[in-house]
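Participant: Input structure_21.csv, format and content: CSV, C-alpha atoms and all ligand atoms.
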chain,number,residue,atom,x,y,z
A,1020,MET,CA,-23.2,14.3,23.2
A,1021,ALA,CA,-22.5,12.9,19.8
A,1022,ILE,CA,-23.6,16.1,18.3
A,1023,ARG,CA,-21.4,18.1,20.6
A,1024,LEU,CA,-18.5,15.9,19.7
A,1025,LYS,CA,-19.2,16.4,16.1
A,1026,ALA,CA,-19.3,20.1,16.5
A,1027,ILE,CA,-16.0,20.1,18.4
A,1028,LEU,CA,-14.4,18.0,15.7
A,1029,LEU,CA,-15.7,20.3,13.0
A,1030,LEU,CA,-14.4,23.3,14.8
A,1031,LEU,CA,-11.0,21.6,15.3
A,1032,SER,CA,-10.9,20.7,11.6
A,1033,LEU,CA,-11.4,24.4,10.7
A,1034,LEU,CA,-8.8,25.6,13.2
A,1035,LEU,CA,-6.0,23.2,12.8
A,1036,PRO,CA,-3.8,23.3,9.7
A,1037,LEU,CA,-3.5,20.2,7.7
A,1038,HIS,CA,-0.3,18.4,8.4
A,1039,GLY,CA,2.4,17.8,5.8
A,1040,ASN,CA,5.6,19.0,4.2
A,1041,ALA,CA,7.4,18.7,0.9
A,1042,TRP,CA,8.1,15.0,-0.2
A,1043,GLY,CA,8.0,14.8,3.5
A,1044,PHE,CA,11.2,14.7,5.4
A,1045,PHE,CA,10.5,11.1,5.7
A,1046,ALA,CA,10.3,10.3,2.0
A,1047,HIS,CA,13.3,12.4,1.0
A,1048,GLN,CA,15.4,10.7,3.6
A,1049,ARG,CA,14.3,7.3,2.7
A,1050,ILE,CA,14.8,7.8,-1.0
A,1051,ASN,CA,18.4,9.2,-0.6
A,1052,ARG,CA,19.2,6.3,1.8
A,1053,LEU,CA,17.9,3.7,-0.6
A,1054,ALA,CA,19.8,5.1,-3.5
A,1055,VAL,CA,23.0,4.1,-1.8
A,1056,PHE,CA,22.1,0.5,-2.2
A,1057,ALA,CA,21.7,0.7,-5.9
A,1058,LEU,CA,25.4,1.8,-6.4
A,1059,PRO,CA,28.0,-0.5,-8.0
A,1060,PRO,CA,30.7,-2.1,-5.7
A,1061,GLU,CA,33.3,0.6,-6.4
A,1062,MET,CA,31.1,3.2,-5.0
A,1063,VAL,CA,28.9,1.6,-2.4
A,1064,GLY,CA,31.5,1.3,0.3
A,1065,PHE,CA,32.1,5.1,0.4
A,1066,TYR,CA,28.4,6.0,0.3
A,1067,LYS,CA,27.5,3.5,3.0
A,1068,LYS,CA,30.2,5.0,5.2
A,1069,HIS,CA,28.4,8.3,4.8
A,1070,ILE,CA,24.9,7.1,4.6
A,1071,ARG,CA,23.9,9.0,7.8
A,1072,TYR,CA,25.0,12.3,6.3
A,1073,ILE,CA,23.3,11.5,3.0
A,1074,THR,CA,20.1,10.6,4.8
A,1075,GLU,CA,20.0,13.3,7.4
A,1076,ASN,CA,20.8,16.1,5.0
A,1077,ALA,CA,18.4,15.0,2.3
A,1078,VAL,CA,16.1,17.9,3.1
A,1079,ASN,CA,18.6,20.7,3.4
A,1080,PRO,CA,17.5,22.3,0.1
A,1081,ASP,CA,14.0,22.6,1.4
A,1082,LYS,CA,15.2,24.1,4.7
A,1083,ARG,CA,16.9,26.9,2.9
A,1084,ARG,CA,14.1,27.6,0.4
A,1085,TYR,CA,13.0,30.7,2.2
A,1086,ALA,CA,16.4,31.9,3.2
A,1087,VAL,CA,18.4,31.6,-0.1
A,1088,GLU,CA,17.4,33.7,-3.1
A,1089,GLY,CA,16.7,31.6,-6.1
A,1090,GLU,CA,16.5,28.4,-4.1
A,1091,ALA,CA,12.7,27.8,-4.4
A,1092,ALA,CA,12.7,27.7,-8.2
A,1093,ARG,CA,15.1,24.7,-8.2
A,1094,HIS,CA,12.4,22.3,-6.8
A,1095,TYR,CA,9.7,22.4,-9.4
A,1096,ILE,CA,8.6,23.4,-12.9
A,1097,ASP,CA,5.2,24.8,-13.6
A,1098,LEU,CA,4.9,23.2,-17.0
A,1099,ASP,CA,1.3,24.1,-17.6
A,1100,VAL,CA,2.2,27.8,-17.6
A,1101,TYR,CA,3.8,27.2,-21.0
A,1102,GLY,CA,0.7,25.8,-22.6
A,1103,ASP,CA,-0.8,22.4,-23.2
A,1104,SER,CA,2.0,20.7,-25.1
A,1105,ALA,CA,4.8,22.3,-23.1
A,1106,LEU,CA,6.1,18.9,-22.1
A,1107,TYR,CA,6.9,18.2,-25.7
A,1108,LYS,CA,7.8,21.6,-26.9
A,1109,MET,CA,9.9,23.1,-24.1
A,1110,PRO,CA,13.6,23.4,-25.1
A,1111,ARG,CA,15.5,20.8,-23.1
A,1112,PHE,CA,18.7,22.7,-22.8
A,1113,TRP,CA,19.1,25.9,-20.7
A,1114,PRO,CA,20.5,28.3,-23.4
A,1115,GLN,CA,17.7,27.5,-25.8
A,1116,ALA,CA,15.1,27.8,-23.1
A,1117,VAL,CA,16.5,31.2,-22.0
A,1118,ALA,CA,16.5,32.4,-25.6
A,1119,GLN,CA,12.9,31.4,-26.0
A,1120,TYR,CA,11.4,32.4,-22.6
A,1121,SER,CA,13.9,34.7,-20.9
A,1122,GLU,CA,15.7,33.7,-17.7
A,1123,ASP,CA,13.3,35.7,-15.5
A,1124,THR,CA,10.4,33.7,-16.8
A,1125,LEU,CA,12.1,30.4,-16.3
A,1126,GLN,CA,13.1,31.3,-12.7
A,1127,ALA,CA,9.6,32.5,-12.0
A,1128,TYR,CA,8.1,29.1,-12.9
A,1129,GLY,CA,10.7,26.7,-11.8
A,1130,ILE,CA,13.9,25.2,-13.2
A,1131,VAL,CA,14.2,21.8,-11.7
A,1132,PRO,CA,15.2,19.8,-14.8
A,1133,TRP,CA,18.0,22.2,-15.6
A,1134,HIS,CA,19.2,22.4,-12.0
A,1135,ILE,CA,19.5,18.6,-11.9
A,1136,SER,CA,21.8,18.8,-14.9
A,1137,LEU,CA,23.9,21.6,-13.3
A,1138,MET,CA,24.2,19.6,-10.1
A,1139,LYS,CA,25.3,16.5,-12.0
A,1140,TYR,CA,28.0,18.6,-13.6
A,1141,GLN,CA,29.1,20.0,-10.3
A,1142,LEU,CA,29.2,16.6,-8.7
A,1143,THR,CA,31.4,15.3,-11.6
A,1144,GLN,CA,33.8,18.2,-10.8
A,1145,ALA,CA,33.8,17.3,-7.2
A,1146,PHE,CA,34.7,13.7,-8.0
A,1147,LYS,CA,37.5,15.0,-10.3
A,1148,GLU,CA,38.9,17.1,-7.4
A,1149,ARG,CA,38.3,14.2,-5.0
A,1150,ASN,CA,36.8,16.7,-2.6
A,1151,MET,CA,34.9,14.6,-0.2
A,1152,GLU,CA,32.9,17.3,1.4
A,1153,ARG,CA,31.6,18.5,-1.9
A,1154,ILE,CA,31.0,15.0,-3.2
A,1155,LEU,CA,28.8,14.3,-0.2
A,1156,ARG,CA,27.0,17.6,-0.2
A,1157,LEU,CA,26.3,17.5,-3.9
A,1158,SER,CA,25.3,13.9,-4.0
A,1159,THR,CA,22.8,14.5,-1.1
A,1160,GLU,CA,21.3,17.6,-2.7
A,1161,LEU,CA,21.2,16.2,-6.2
A,1162,GLY,CA,19.2,13.4,-4.7
A,1163,HIS,CA,16.8,15.9,-3.3
A,1164,TYR,CA,16.1,17.6,-6.6
A,1165,VAL,CA,15.8,14.4,-8.5
A,1166,ALA,CA,13.3,13.2,-6.0
A,1167,ASP,CA,11.4,16.4,-6.3
A,1168,ALA,CA,11.2,16.0,-10.1
A,1169,CYS,CA,9.5,12.6,-9.5
A,1170,VAL,CA,6.6,14.2,-7.8
A,1171,PRO,CA,3.8,15.0,-10.3
A,1172,LEU,CA,2.6,18.0,-8.3
A,1173,HIS,CA,6.1,19.5,-8.7
A,1174,THR,CA,5.3,19.9,-12.4
A,1175,THR,CA,2.2,22.2,-12.2
A,1176,GLN,CA,1.2,25.6,-11.0
A,1177,ASN,CA,-1.7,23.8,-9.3
A,1178,TYR,CA,0.9,22.3,-7.0
A,1179,ASN,CA,-1.3,22.1,-4.0
A,1180,GLY,CA,-4.7,21.6,-5.7
A,1181,GLN,CA,-5.4,25.2,-4.9
A,1182,LEU,CA,-6.9,25.8,-8.4
A,1183,THR,CA,-9.2,22.8,-8.2
A,1184,GLY,CA,-10.5,22.9,-4.7
A,1185,GLN,CA,-8.1,20.2,-3.5
A,1186,HIS,CA,-6.0,22.2,-1.0
A,1187,GLY,CA,-3.6,20.0,0.9
A,1188,ILE,CA,-3.2,17.4,-1.8
A,1189,HIS,CA,0.5,18.1,-2.1
A,1190,GLY,CA,1.4,16.9,1.4
A,1191,PHE,CA,-1.3,14.2,1.1
A,1192,TRP,CA,0.4,12.5,-2.0
A,1193,GLU,CA,4.0,13.1,-1.1
A,1194,SER,CA,4.1,12.9,2.7
A,1195,ARG,CA,1.0,11.2,4.1
A,1196,LEU,CA,0.9,8.3,1.7
A,1197,PRO,CA,4.6,7.4,1.9
A,1198,GLU,CA,4.5,7.7,5.7
A,1199,LEU,CA,1.5,5.3,5.9
A,1200,PHE,CA,2.3,2.8,3.2
A,1201,SER,CA,5.9,2.9,2.0
A,1202,ASP,CA,7.0,0.1,4.4
A,1203,ASN,CA,5.1,-2.2,2.0
A,1204,TYR,CA,6.7,-0.8,-1.1
A,1205,ASP,CA,9.3,-2.8,-3.1
A,1206,PHE,CA,12.4,-0.8,-3.2
A,1207,PHE,CA,14.6,-3.2,-4.9
A,1208,VAL,CA,15.4,-1.2,-8.0
A,1209,GLY,CA,18.4,-3.1,-9.4
A,1210,GLN,CA,21.7,-1.3,-10.1
A,1211,ALA,CA,22.4,2.2,-11.2
A,1212,ASP,CA,22.6,2.8,-15.0
A,1213,TYR,CA,25.0,5.1,-16.8
A,1214,ILE,CA,23.1,8.1,-18.1
A,1215,GLU,CA,24.2,9.1,-21.6
A,1216,GLN,CA,22.5,12.5,-21.6
A,1217,PRO,CA,21.8,13.8,-18.0
A,1218,GLN,CA,19.9,16.8,-19.3
A,1219,LEU,CA,17.5,14.6,-21.3
A,1220,LYS,CA,17.2,12.1,-18.5
A,1221,ALA,CA,16.1,14.9,-16.2
A,1222,TRP,CA,13.4,15.8,-18.7
A,1223,ASP,CA,12.3,12.1,-19.0
A,1224,ILE,CA,11.7,12.1,-15.3
A,1225,ILE,CA,9.7,15.3,-15.6
A,1226,ALA,CA,7.7,13.7,-18.4
A,1227,THR,CA,6.9,10.6,-16.3
A,1228,SER,CA,5.8,12.8,-13.4
A,1229,HIS,CA,3.7,15.2,-15.5
A,1230,LEU,CA,1.9,12.4,-17.3
A,1231,ALA,CA,0.9,11.1,-13.8
A,1232,LEU,CA,-0.5,14.4,-12.7
A,1233,ASP,CA,-4.1,13.9,-14.1
A,1234,SER,CA,-4.6,10.8,-12.0
A,1235,VAL,CA,-3.2,12.5,-8.9
A,1236,LEU,CA,-5.9,15.2,-9.1
A,1237,TYR,CA,-8.7,13.2,-10.7
A,1238,PHE,CA,-8.8,10.3,-8.2
A,1239,GLU,CA,-8.7,12.6,-5.2
A,1240,LYS,CA,-11.5,14.6,-6.6
A,1241,ALA,CA,-13.6,11.5,-7.2
A,1242,LEU,CA,-12.8,10.2,-3.7
A,1243,ALA,CA,-13.8,13.5,-2.0
A,1244,GLN,CA,-17.3,13.0,-3.3
A,1245,GLU,CA,-17.5,9.5,-1.8
A,1246,PHE,CA,-16.4,10.5,1.7
A,1247,ASP,CA,-18.1,12.8,4.2
A,1248,GLU,CA,-15.9,15.6,5.4
A,1249,GLU,CA,-15.6,14.1,8.9
A,1250,LYS,CA,-14.5,10.7,7.5
A,1251,LYS,CA,-12.0,12.4,5.2
A,1252,TYR,CA,-10.0,13.9,8.0
A,1253,GLY,CA,-8.7,12.6,11.3
A,1254,PHE,CA,-6.5,13.8,14.2
A,1255,GLU,CA,-3.2,12.5,15.3
A,1256,LEU,CA,-1.0,13.4,18.2
A,1257,ARG,CA,2.6,14.2,17.2
A,1258,ASN,CA,5.1,15.6,19.7
A,1259,ASN,CA,2.2,16.4,22.0
A,1260,VAL,CA,0.4,18.4,19.4
A,1261,THR,CA,-2.8,17.4,17.9
A,1262,ILE,CA,-2.7,17.8,14.1
A,1263,ARG,CA,-5.3,17.3,11.5
A,1264,VAL,CA,-4.5,14.7,8.9
A,1265,TYR,CA,-6.2,12.9,6.0
A,1266,SER,CA,-7.8,9.9,7.8
A,1267,ARG,CA,-6.3,6.5,7.3
A,1268,ALA,CA,-9.4,5.2,5.5
A,1269,TYR,CA,-9.3,8.1,3.1
A,1270,SER,CA,-5.6,7.7,2.6
A,1271,LYS,CA,-6.0,4.0,2.0
A,1272,ALA,CA,-8.8,4.6,-0.6
A,1273,TYR,CA,-6.6,7.1,-2.4
A,1274,SER,CA,-3.6,4.9,-2.4
A,1275,ASP,CA,-5.7,2.0,-3.8
A,1276,LYS,CA,-7.1,4.2,-6.6
A,1277,LEU,CA,-3.6,5.4,-7.5
A,1278,ASN,CA,-2.7,1.7,-7.9
A,1279,GLY,CA,1.0,1.9,-6.9
A,1280,GLN,CA,1.7,5.3,-8.4
A,1281,VAL,CA,3.5,6.7,-5.3
A,1282,GLU,CA,5.6,3.5,-5.1
A,1283,ARG,CA,6.5,3.8,-8.8
A,1284,GLN,CA,7.6,7.4,-8.4
A,1285,MET,CA,9.6,6.6,-5.3
A,1286,ARG,CA,11.3,3.8,-7.2
A,1287,LEU,CA,12.0,6.0,-10.1
A,1288,ALA,CA,13.6,8.5,-7.7
A,1289,VAL,CA,15.8,5.9,-6.0
A,1290,ARG,CA,17.1,4.4,-9.2
A,1291,SER,CA,17.6,7.8,-11.0
A,1292,ILE,CA,19.5,9.2,-8.0
A,1293,ALA,CA,21.9,6.3,-7.9
A,1294,SER,CA,22.3,6.6,-11.7
A,1295,PHE,CA,23.1,10.3,-11.6
A,1296,TRP,CA,25.7,9.6,-8.8
A,1297,TYR,CA,27.2,6.8,-10.8
A,1298,THR,CA,27.3,8.8,-14.0
A,1299,ALA,CA,29.1,11.7,-12.3
A,1300,TRP,CA,31.7,9.3,-11.0
A,1301,VAL,CA,32.2,7.6,-14.3
A,1302,ASP,CA,32.5,11.0,-16.1
A,1303,ALA,CA,35.1,12.0,-13.6
A,1304,GLY,CA,37.3,9.1,-14.6
A,1305,GLN,CA,36.1,6.6,-11.8
A,1306,PRO,CA,38.4,7.9,-9.1
A,1307,SER,CA,39.0,5.5,-6.2
A,1308,LEU,CA,36.9,6.5,-3.3
A,1309,GLY,CA,38.5,4.1,-0.8
A,1310,THR,CA,41.3,6.5,0.0
A,1311,LEU,CA,39.2,9.6,0.6
A,1312,ALA,CA,39.4,10.9,4.1
A,1313,ASN,CA,36.3,9.4,5.8
A,1314,THR,CA,35.4,12.0,8.3
A,1315,LEU,CA,34.1,15.6,8.0
A,1316,THR,CA,36.4,18.3,9.2
A,1317,PRO,CA,35.4,20.1,12.5
A,1318,GLU,CA,34.4,23.2,10.4
A,1319,GLU,CA,32.1,21.1,8.3
A,1320,LEU,CA,30.5,19.5,11.3
A,1321,HIS,CA,30.1,22.9,12.8
A,1322,GLN,CA,28.5,24.2,9.6
A,1323,LEU,CA,26.0,21.3,9.6
A,1324,GLU,CA,25.2,21.9,13.2
A,1325,MET,CA,24.5,25.6,12.6
A,1326,GLU,CA,22.3,24.8,9.6
A,1327,LYS,CA,20.3,22.5,11.8
A,1328,LYS,CA,20.0,25.1,14.6
A,1329,ASP,CA,18.9,27.8,12.1
A,1330,TYR,CA,16.2,25.6,10.9
A,1331,GLU,CA,15.0,24.7,14.4
A,1332,LYS,CA,14.7,28.3,15.3
A,1333,GLY,CA,11.8,28.3,13.0
A,1334,THR,CA,12.5,31.5,11.0
A,1335,HIS,CA,11.4,29.8,7.8
A,1336,LYS,CA,8.0,30.5,6.4
A,1337,PRO,CA,6.4,27.5,4.7
A,1338,ARG,CA,5.2,27.9,1.2
A,1339,GLN,CA,1.6,26.7,1.1
A,1340,GLU,CA,2.2,23.4,-0.6
A,1341,GLY,CA,2.3,21.3,2.5
A,1342,ASP,CA,-0.3,23.2,4.4
A,1343,SER,CA,-3.9,23.6,4.0
B,1401,ZN,ZN,12.3,20.2,-2.5
Would you mind writing the structure in this file as structure tokens?
Facilitator:
Amino acid sequence: MAIRLKAILLLLSLLLPLHGNAWGFFAHQRINRLAVFALPPEMVGFYKKHIRYITENAVNPDKRRYAVEGEAARHYIDLDVYGDSALYKMPRFWPQAVAQYSEDTLQAYGIVPWHISLMKYQLTQAFKERNMERILRLSTELGHYVADACVPLHTTQNYNGQLTGQHGIHGFWESRLPELFSDNYDFFVGQADYIEQPQLKAWDIIATSHLALDSVLYFEKALAQEFDEEKKYGFELRNNVTIRVYSRAYSKAYSDKLNGQVERQMRLAVRSIASFWYTAWVDAGQPSLGTLANTLTPEELHQLEMEKKDYEKGTHKPRQEGDS
């Protein structure tokens, strides 16, 4: 009987895809939401009023990755494609980077640090125009890209461990671990800072993430040797569907080895997002947010509803990073 059970489990583990998705919906939503609380008094009221929008739409950029041309490249940068010391040598500003590598190459390997800077510029413009819909949309989406830049696996072409026999590690690190353990993380990050050089700040974030990449891969590899295959994975029922996941024991062991790394990167995301929002607002001349209309227009609500429906229809095709 035990043998038969084992055989069934083994078969299931081969058949079922490994569960996970980018920074998990869960983590993106939590990060955007928490960033609101790091804002200064002049901003926090407005953002709190719209916290539901900022939370629920935190994953919109991922939802359109497969539908909108050019979207995918905004979420990552495969730094290692450019050589070992790319982190130090890569031109920080877009025109110089294009001159050195060509726009096609940059688009092919990801543009997240430059896209963050562009979004910050656009958000500043939206504040200047006092355009509430744009302020909310750009704040929410800027939050997404900043959070992506905080994920070490978003800075490498080995983004899902596919080059090192660690397939599935993407969703493991950025979805499974936060889902299991982030309730115990300390998310008090203090108040947003003014960012003198948004473009360089985006690169600082990338640097922090990229320097954490070795541990992300190394510790999982080490752990895989300590765990039997059947102890490494488990099964959970979600929405009446059985899914294969990294087991709790394996996740706990990985989290322990990482020694607070996921928490540190999530904190970095929360604080950086609030700081980008704050900086855009300051650069726009600190417009009063109290008098902005506080509801979305019917068209905007309709638009959001349509986006949601589109997504639920399931026409999107997942990039492998969250799947096994
Ligand atoms: Zn993303």
Participant: In Å, rounded to a single decimal, give me how far atom CA of Asp1167 of chain A is from atom CA of Val1078 of chain A.
Facilitator: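 Taking atom CA of Val1078 of chain A and atom CA of Asp1167 of chain A, their separation equals 10.6 Å.
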Participant: Which residue, A:Lys1271, A:Lys1240, A:His1134, A:His1047, has the smallest gap to Ala1092 of chain A when you use only C-alpha atoms?
Facilitator: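 Closest to Ala1092 of chain A of all the choices is A:His1134.
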Participant: Just give me the gap between atom CA of Val1165 of chain A and atom CA of Leu1137 of chain A in Å, one decimal is fine.
Facilitator: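 Atom CA of Val1165 of chain A sits 11.9 Å away from atom CA of Leu1137 of chain A.
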Participant: Go through A:Val1208, A:Val1289, A:Leu1230, A:Val1264 and flag the residue nearest Asp1103 of chain A, using all atoms listed in the file for the distances.
Facilitator: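 Nearest candidate to Asp1103 of chain A out of A:Val1208, A:Val1289, A:Leu1230, A:Val1264: A:Leu1230.
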Participant: How many Å separate atom CA of His1069 of chain A from atom CA of Cys1169 of chain A?
Facilitator: 24.1 Å
Participant: Using all atoms listed in the file for the distances, tell me which of A:Leu1106, A:Ile1262, A:Ala1166, A:Leu1256 is nearest to Leu1287 of chain A.
Facilitator: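 Answer, going by the shortest atom-to-atom distance: A:Ala1166.
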Participant: Which is closest to ligand ZN 1401 (chain B) among A:Phe1191, A:Tyr1164, A:Tyr1128, A:Phe1112, if we use all atoms listed in the file?
Facilitator: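 The shortest atom-to-atom distance to ligand ZN 1401 (chain B) comes from A:Tyr1164.
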Participant: With only C-alpha atoms as the counted atoms, please give the residues lying no more than 9 Å from Pro1059 of chain A, apart from itself and same-chain residues fewer than 4 positions off, as number ranges by chain.
Facilitator: A: 1063, 1210-1211, 1297
Participant: Store the residues picked out above in a file with C-alpha atoms, as a PDB file, in the coordinates of the input.
Facilitator:
ATOM      1  CA  VAL A1063      28.900   1.600  -2.400  1.00  0.00           C
ATOM      2  CA  GLN A1210      21.700  -1.300 -10.100  1.00  0.00           C
ATOM      3  CA  ALA A1211      22.400   2.200 -11.200  1.00  0.00           C
ATOM      4  CA  TYR A1297      27.200   6.800 -10.800  1.00  0.00           C
TER       5      TYR A1297
END
Participant: Which protein, DNA or RNA residues have an atom within 10 Å of ligand ZN 1401 (chain B), counting only C-alpha atoms and all ligand atoms, as JSON, numbers by chain?
Facilitator: {"A": [1040, 1041, 1042, 1043, 1044, 1047, 1077, 1078, 1079, 1080, 1081, 1082, 1083, 1084, 1090, 1091, 1092, 1093, 1094, 1095, 1131, 1160, 1162, 1163, 1164, 1165, 1166, 1167, 1168, 1170, 1173]}
Participant: Which is closest to Gly1279 of chain A among A:Asn1150, A:Gln1181, A:Ser1234, A:Ser1136, if we use only C-alpha atoms?
Facilitator: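 Residue with the minimum atom-to-atom distance to Gly1279 of chain A: A:Ser1234.
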Participant: Tell me, as a list in words, which residues lie within 12 Å of Lys1067 of chain A, counting only C-alpha atoms; anything in the same chain fewer than 5 positions away does not count.
Facilitator: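 Neighbouring residues, sequence-local ones excluded: Asn1051, Arg1052, Leu1053, Ala1054, Val1055, Phe1056, Ala1057, Leu1058, Pro1059, Pro1060, Glu1061, Met1062, Tyr1072, Ile1073, Thr1074, Leu1155, Leu1308, Gly1309 and Asn1313 of chain A.
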Participant: Given the choices A:Lys1108, A:Arg1283, A:Arg1267, A:Lys1276, which gets closest to Thr1227 of chain A if the distance is worked out from only C-alpha atoms?
Facilitator: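 Distance minimum relative to Thr1227 of chain A lands on A:Arg1283.
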Participant: Would you mind completing segment 1102-1118 of chain A to N, CA and C atoms and writing the output as a CSV table (one decimal), in the coordinates of the input?
Facilitator:
chain,number,residue,atom,x,y,z
A,1102,GLY,N,1.7,26.3,-21.7
A,1102,GLY,CA,0.7,25.8,-22.6
A,1102,GLY,C,0.6,24.3,-22.6
A,1103,ASP,N,-0.4,23.8,-23.3
A,1103,ASP,CA,-0.8,22.4,-23.2
A,1103,ASP,C,0.3,21.4,-23.6
A,1104,SER,N,1.0,21.7,-24.6
A,1104,SER,CA,2.0,20.7,-25.1
A,1104,SER,C,3.4,21.1,-24.7
A,1105,ALA,N,3.5,21.8,-23.6
A,1105,ALA,CA,4.8,22.3,-23.1
A,1105,ALA,C,5.8,21.1,-22.9
A,1106,LEU,N,5.2,20.0,-22.4
A,1106,LEU,CA,6.1,18.9,-22.1
A,1106,LEU,C,6.8,18.4,-23.3
A,1107,TYR,N,6.2,18.6,-24.5
A,1107,TYR,CA,6.9,18.2,-25.7
A,1107,TYR,C,7.7,19.3,-26.4
A,1108,LYS,N,7.2,20.5,-26.2
A,1108,LYS,CA,7.8,21.6,-26.9
A,1108,LYS,C,8.9,22.4,-26.2
A,1109,MET,N,8.9,22.3,-24.9
A,1109,MET,CA,9.9,23.1,-24.1
A,1109,MET,C,11.3,22.7,-24.5
A,1110,PRO,N,12.2,23.7,-24.8
A,1110,PRO,CA,13.6,23.4,-25.1
A,1110,PRO,C,14.2,22.7,-23.9
A,1111,ARG,N,14.9,21.6,-24.2
A,1111,ARG,CA,15.5,20.8,-23.1
A,1111,ARG,C,16.7,21.4,-22.5
A,1112,PHE,N,17.5,22.2,-23.3
A,1112,PHE,CA,18.7,22.7,-22.8
A,1112,PHE,C,18.6,24.2,-22.4
A,1113,TRP,N,19.3,24.6,-21.4
A,1113,TRP,CA,19.1,25.9,-20.7
A,1113,TRP,C,19.3,27.1,-21.7
A,1114,PRO,N,20.4,27.1,-22.5
A,1114,PRO,CA,20.5,28.3,-23.4
A,1114,PRO,C,19.4,28.5,-24.3
A,1115,GLN,N,18.8,27.4,-24.9
A,1115,GLN,CA,17.7,27.5,-25.8
A,1115,GLN,C,16.4,27.9,-25.1
A,1116,ALA,N,16.3,27.4,-23.9
A,1116,ALA,CA,15.1,27.8,-23.1
A,1116,ALA,C,15.1,29.2,-22.7
A,1117,VAL,N,16.3,29.7,-22.3
A,1117,VAL,CA,16.5,31.2,-22.0
A,1117,VAL,C,16.2,32.0,-23.2
A,1118,ALA,N,16.7,31.6,-24.3
A,1118,ALA,CA,16.5,32.4,-25.6
A,1118,ALA,C,15.0,32.4,-25.9
